[in-house]
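What follows is a single structure, written as structure tokens, with notes after it.
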Amino acid sequence: MGIYFTVLSSGSTGNATVIQHGGTSLMIDAGLSAKRLEALFLEREISGTELDGILVTHEHSDHIKGLGAMSRKYNLPIYANTNTWAALEKSVGAIPEENRRVFETGEKHDFGSLRVESFGISHDAAEPVGYTFDDGSEKLSVATDLGYMSDKVRDAISDSDVLVLEANHDVELLRMGRYPWNTKRRILSDIGHLSNEAAGAALSELMNGRIKRTYLAHLSRDHNMMDLAKMSVRDAMESRGCFYRDHEFKLCDTYYDRPTPWDRVGEP
Ligand SMILES: O=c1ccn([C@@H]2O[C@@H]3COP(=O)(O)O[C@H]3[C@H]2O)c(=O)[nH]1
């Protein structure tokens, strides 16, 4: 059957990823306007009516901007943990009871033969999470908006075939950049965003022969570039003794303004 996914958009201007497995179709986050999400759906031949629900990572607007509108338009259940529900309530508009699905972080939920699990991440939101998608032979993990990679996150995602992992900023570019000092401090903190260097360090500990691809996600447009991110992540891995050949492991692009191609998680 296979797990297929496309990162529709990634970054502070809006995040959304669609995962398909057999008859199941899920979206993680809806951080762009409904109009923009529908345009991205068209590019990847996704129909809103075929979605089974929207899984929310946390309540920041770049993750929930179109959440209420998409849920209402396509009658989609919204899945979020208790504290995230409380935090997004005022931004999402009216959602009927049957489309309010509340889970506890760490709970497993099966959509057909696709097992979805959430895991807690460290970010300045009410109860932020990442997600894993596992059908018993293929596993995809999505972890963005995390200040650091905890042992728990590492354990949750280490047996994945493919990762979508944040590489938000180059630390020096951020330090020299135009953001106010408080914002810089927040981004650099344990409840901020993962730098290129930190993403590479985390990957060097995660590499176990199973992870074949990592999509670098949530890049800052002010303090990063895809080529720089790839180079820094690879450098950080190699400086920790983690060398790889291109046919064994790839770093892949995500974009803020266009979707990634459909990828099958189990493909070599
Ligand atoms: O006090 C703060 C701290 C941070 N931020 C966000 O963190 C993001 C990091 O990536 P970026 O550079 O694309 O954009 C940044 C901002 O959107 C914010 O809005 N307010």
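Ligands are numbered from 1 in the order shown, residues from 1 within each chain, and chains are lettered A, B, ... in the order they appear in the structure tokens.
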
Dump the neighbourhood of ligand 1 as a ChimeraX atom specification: all residues within 9 Å, distances computed on only C-alpha atoms and all ligand atoms. /A:11-13,62,145,168-169,174,179-180,182-187,192-193,218-224

Please produce an output containing C-alpha atoms for each residue in the selection, written as a compact mmCIF listing (two decimals), in the first residue's frame.
```txt
# COMPACT_ATOMS: atom_id res chain seq x y z
CA GLY A 11 8.10 27.90 7.14
CA SER A 12 6.82 30.80 9.16
CA THR A 13 4.44 31.84 6.37
CA ASP A 62 1.55 29.48 10.84
CA ASP A 145 9.20 23.78 15.78
CA ASN A 168 15.28 26.73 10.96
CA HIS A 169 18.29 28.99 10.98
CA LEU A 174 20.26 34.91 13.17
CA TYR A 179 15.12 40.53 14.71
CA PRO A 180 14.86 42.17 18.14
CA ASN A 182 14.27 39.05 22.65
CA THR A 183 13.04 37.29 19.52
CA LYS A 184 16.53 36.02 18.72
CA ARG A 185 16.88 34.77 22.27
CA ARG A 186 13.56 32.98 22.05
CA ILE A 187 14.40 31.33 18.72
CA GLY A 192 12.52 27.97 20.07
CA HIS A 193 13.61 26.48 16.77
CA HIS A 218 10.65 25.34 8.49
CA LEU A 219 13.67 27.23 7.12
CA SER A 220 13.78 30.88 8.06
CA ARG A 221 13.64 33.15 5.02
CA ASP A 222 15.62 35.75 6.94
CA HIS A 223 18.31 33.55 8.43
CA ASN A 224 18.76 30.52 6.20
```

Strand (DSSP E) per DSSP on the backbone: members of region 51-265 of chain A, as JSON, numbers by chain: {"A": [53, 54, 55, 78, 79, 80, 81, 100, 101, 102, 103, 108, 109, 110, 111, 114, 115, 116, 117, 118, 119, 120, 129, 130, 131, 132, 133, 134, 139, 140, 141, 142, 143, 162, 163, 164, 165, 166, 213, 214, 215, 216, 217, 250, 251, 252, 263, 264]}

Shortest interatomic distance to Leu165 (chain A) - which of A:Val92, A:Ala69, A:Cys252, A:Ala126, counting only C-alpha atoms: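 That would be A:Cys252, the residue with the smallest distance to Leu165 (chain A).
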
Excluding Val102 (chain A) and its own-chain neighbours fewer than 3 positions away, which residues fall within 6 Å of it when counting only C-alpha atoms? Please give them as a VMD selection string. chain A and resid 79 to 82

For Asn75 (chain A), which residue out of A:Met27, A:Ser61, A:Leu88, A:Asp52 is the nearest one, using only C-alpha atoms?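 For Asn75 (chain A), the nearest of the candidates is A:Asp52.
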
Could you list, as a VMD selection string, every residue within 12 Å of Met207 (chain A), counting only C-alpha atoms and ignoring same-chain residues fewer than 2 positions away? chain A and resid 154 157 to 163 200 to 205 209 to 214 237 to 238 240 to 244 248 to 250

Given the selection you just returned, output its residues as a file containing N, CA, C and O atoms, formatted as a tab-separated table (two decimals), in the first residue's frame.
```tsv
chain	number	residue	atom	x	y	z
A	154	ARG	N	13.92	11.71	20.05
A	154	ARG	CA	14.85	10.81	19.35
A	154	ARG	C	14.30	9.38	19.35
A	154	ARG	O	14.28	8.71	18.33
A	157	ILE	N	11.32	8.92	16.89
A	157	ILE	CA	11.52	9.03	15.43
A	157	ILE	C	12.69	8.20	14.89
A	157	ILE	O	12.87	8.11	13.68
A	158	SER	N	13.47	7.56	15.77
A	158	SER	CA	14.74	6.98	15.32
A	158	SER	C	14.56	5.81	14.35
A	158	SER	O	15.44	5.55	13.54
A	159	ASP	N	13.44	5.11	14.42
A	159	ASP	CA	13.26	3.97	13.50
A	159	ASP	C	12.44	4.36	12.26
A	159	ASP	O	11.74	3.54	11.69
A	160	SER	N	12.58	5.61	11.84
A	160	SER	CA	11.84	6.07	10.65
A	160	SER	C	12.63	5.79	9.37
A	160	SER	O	13.85	5.69	9.40
A	161	ASP	N	11.90	5.70	8.26
A	161	ASP	CA	12.55	5.65	6.94
A	161	ASP	C	12.81	7.06	6.43
A	161	ASP	O	13.80	7.32	5.77
A	162	VAL	N	11.85	7.94	6.71
A	162	VAL	CA	11.95	9.32	6.22
A	162	VAL	C	11.57	10.27	7.36
A	162	VAL	O	10.64	10.00	8.13
A	163	LEU	N	12.32	11.36	7.45
A	163	LEU	CA	12.03	12.40	8.44
A	163	LEU	C	11.70	13.71	7.74
A	163	LEU	O	12.30	14.02	6.71
A	200	GLY	N	21.76	18.85	12.34
A	200	GLY	CA	22.82	17.92	11.93
A	200	GLY	C	23.31	17.08	13.10
A	200	GLY	O	23.54	15.87	12.96
A	201	ALA	N	23.48	17.73	14.26
A	201	ALA	CA	23.92	16.99	15.45
A	201	ALA	C	22.90	15.91	15.80
A	201	ALA	O	23.26	14.77	16.10
A	202	ALA	N	21.62	16.28	15.75
A	202	ALA	CA	20.57	15.31	16.06
A	202	ALA	C	20.58	14.16	15.06
A	202	ALA	O	20.49	12.99	15.43
A	203	LEU	N	20.73	14.52	13.78
A	203	LEU	CA	20.74	13.47	12.75
A	203	LEU	C	21.91	12.51	12.95
A	203	LEU	O	21.77	11.31	12.72
A	204	SER	N	23.06	13.05	13.35
A	204	SER	CA	24.24	12.19	13.52
A	204	SER	C	23.96	11.13	14.59
A	204	SER	O	24.48	10.02	14.52
A	205	GLU	N	23.13	11.47	15.56
A	205	GLU	CA	22.79	10.48	16.59
A	205	GLU	C	21.67	9.55	16.15
A	205	GLU	O	21.51	8.46	16.69
A	209	GLY	N	21.11	3.48	9.71
A	209	GLY	CA	20.98	2.63	8.52
A	209	GLY	C	19.57	2.59	7.98
A	209	GLY	O	19.33	2.19	6.85
A	210	ARG	N	18.58	2.97	8.81
A	210	ARG	CA	17.20	2.91	8.29
A	210	ARG	C	16.75	4.23	7.67
A	210	ARG	O	16.02	4.23	6.68
A	211	ILE	N	17.17	5.35	8.25
A	211	ILE	CA	16.71	6.64	7.73
A	211	ILE	C	17.36	6.90	6.36
A	211	ILE	O	18.57	6.96	6.24
A	212	LYS	N	16.51	7.04	5.35
A	212	LYS	CA	17.04	7.18	3.98
A	212	LYS	C	16.98	8.61	3.47
A	212	LYS	O	17.73	9.00	2.58
A	213	ARG	N	16.01	9.35	3.99
A	213	ARG	CA	15.87	10.74	3.53
A	213	ARG	C	15.41	11.61	4.69
A	213	ARG	O	14.62	11.17	5.53
A	214	THR	N	15.89	12.85	4.68
A	214	THR	CA	15.41	13.84	5.64
A	214	THR	C	15.08	15.12	4.89
A	214	THR	O	15.94	15.69	4.20
A	237	MET	N	27.03	16.71	10.75
A	237	MET	CA	27.02	15.24	10.84
A	237	MET	C	28.44	14.71	10.72
A	237	MET	O	28.89	13.87	11.52
A	238	GLU	N	29.17	15.23	9.70
A	238	GLU	CA	30.52	14.70	9.45
A	238	GLU	C	31.48	15.04	10.59
A	238	GLU	O	32.34	14.23	10.93
A	240	ARG	N	30.86	14.97	13.49
A	240	ARG	CA	30.60	14.00	14.56
A	240	ARG	C	30.85	12.57	14.09
A	240	ARG	O	30.36	11.60	14.69
A	241	GLY	N	31.56	12.46	12.99
A	241	GLY	CA	31.94	11.13	12.50
A	241	GLY	C	30.85	10.41	11.74
A	241	GLY	O	30.93	9.20	11.52
A	242	CYS	N	29.82	11.14	11.34
A	242	CYS	CA	28.69	10.52	10.64
A	242	CYS	C	28.78	10.84	9.15
A	242	CYS	O	28.32	11.89	8.70
A	243	PHE	N	29.42	9.95	8.40
A	243	PHE	CA	29.60	10.15	6.96
A	243	PHE	C	28.58	9.29	6.21
A	243	PHE	O	28.22	8.21	6.66
A	244	TYR	N	28.12	9.78	5.06
A	244	TYR	CA	27.19	8.97	4.28
A	244	TYR	C	27.44	9.19	2.81
A	244	TYR	O	27.95	10.23	2.39
A	248	GLU	N	22.93	6.44	-0.05
A	248	GLU	CA	22.48	5.86	1.23
A	248	GLU	C	21.53	6.79	1.97
A	248	GLU	O	20.63	6.35	2.67
A	249	PHE	N	21.77	8.08	1.81
A	249	PHE	CA	21.02	9.06	2.60
A	249	PHE	C	20.98	10.38	1.85
A	249	PHE	O	21.99	10.81	1.29
A	250	LYS	N	19.81	11.01	1.85
A	250	LYS	CA	19.68	12.30	1.14
A	250	LYS	C	19.04	13.35	2.03
A	250	LYS	O	18.14	13.04	2.82
```

Surrounding residues of Glu127 (chain A) excluding itself and chain neighbours under 5 positions, 12 Å, only C-alpha atoms, as an MDAnalysis selection string: chainID A and resid 56:60 80:88 103:106 118:122 145:146 191

Using only C-alpha atoms, find the one residue out of A:Ser232, A:Ser150, A:Thr260, A:Ser141 that sits nearest to Asp170 (chain A).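 Of A:Ser232, A:Ser150, A:Thr260, A:Ser141, the one nearest Asp170 (chain A) is A:Ser232, counting only C-alpha atoms.
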
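Residues lying within 8 Å of Gly2 (chain A), counting only C-alpha atoms and ignoring same-chain neighbours fewer than 5 positions away, are His21, Gly22, Asp135, Glu138, Arg264, Val265 and Gly266 of chain A.
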
Deliver the residues from the most recent selection as a file, using N, CA, C and O atoms, as a PDB file, in the first residue's frame.
```
ATOM      1  N   HIS A  21      -2.350   6.986   2.719  1.00  0.00           N
ATOM      2  CA  HIS A  21      -2.031   5.567   2.913  1.00  0.00           C
ATOM      3  C   HIS A  21      -3.284   4.779   2.590  1.00  0.00           C
ATOM      4  O   HIS A  21      -4.273   4.859   3.330  1.00  0.00           O
ATOM      5  N   GLY A  22      -3.289   4.051   1.488  1.00  0.00           N
ATOM      6  CA  GLY A  22      -4.509   3.375   1.066  1.00  0.00           C
ATOM      7  C   GLY A  22      -5.630   4.392   0.934  1.00  0.00           C
ATOM      8  O   GLY A  22      -5.473   5.427   0.297  1.00  0.00           O
ATOM      9  N   ASP A 135       3.034   2.031   9.133  1.00  0.00           N
ATOM     10  CA  ASP A 135       2.096   0.976   8.718  1.00  0.00           C
ATOM     11  C   ASP A 135       2.671  -0.418   8.960  1.00  0.00           C
ATOM     12  O   ASP A 135       2.183  -1.408   8.416  1.00  0.00           O
ATOM     13  N   GLU A 138       6.668   0.762   6.805  1.00  0.00           N
ATOM     14  CA  GLU A 138       7.243   2.070   6.458  1.00  0.00           C
ATOM     15  C   GLU A 138       6.903   3.050   7.571  1.00  0.00           C
ATOM     16  O   GLU A 138       5.816   2.978   8.145  1.00  0.00           O
ATOM     17  N   ARG A 264       7.131   8.424  -1.802  1.00  0.00           N
ATOM     18  CA  ARG A 264       6.729   7.182  -1.139  1.00  0.00           C
ATOM     19  C   ARG A 264       7.772   6.865  -0.075  1.00  0.00           C
ATOM     20  O   ARG A 264       8.970   6.721  -0.372  1.00  0.00           O
ATOM     21  N   VAL A 265       7.336   6.759   1.157  1.00  0.00           N
ATOM     22  CA  VAL A 265       8.252   6.601   2.289  1.00  0.00           C
ATOM     23  C   VAL A 265       9.115   5.353   2.135  1.00  0.00           C
ATOM     24  O   VAL A 265      10.308   5.354   2.482  1.00  0.00           O
ATOM     25  N   GLY A 266       8.551   4.298   1.586  1.00  0.00           N
ATOM     26  CA  GLY A 266       9.293   3.030   1.474  1.00  0.00           C
ATOM     27  C   GLY A 266      10.248   2.968   0.296  1.00  0.00           C
ATOM     28  O   GLY A 266      11.005   1.999   0.170  1.00  0.00           O
TER      29      GLY A 266
END
```

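Our summary of the geometry notes that CA of Gly14 (chain A) is positioned 12.6 Å from CA of Lys35 (chain A).
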
Per DSSP on the backbone, filter region 38-90 of chain A down to the residues in alpha helix (DSSP H) and report them as a PyMOL selection string. chain A and resi 38-43+61-64+67-74+82-90

Excluding Gly136 (chain A) and residues on its chain fewer than 6 positions from it, collect all residues at most 10 Å away from it, counting only C-alpha atoms, and give them as a PyMOL selection string. chain A and resi 113-115

If you measure from CA of Ala217 (chain A) to CA of Glu89 (chain A), what distance in Å do you get, rounded to one decimal?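 Interatomic distance, CA of Ala217 (chain A) to CA of Glu89 (chain A): 26.4 Å.
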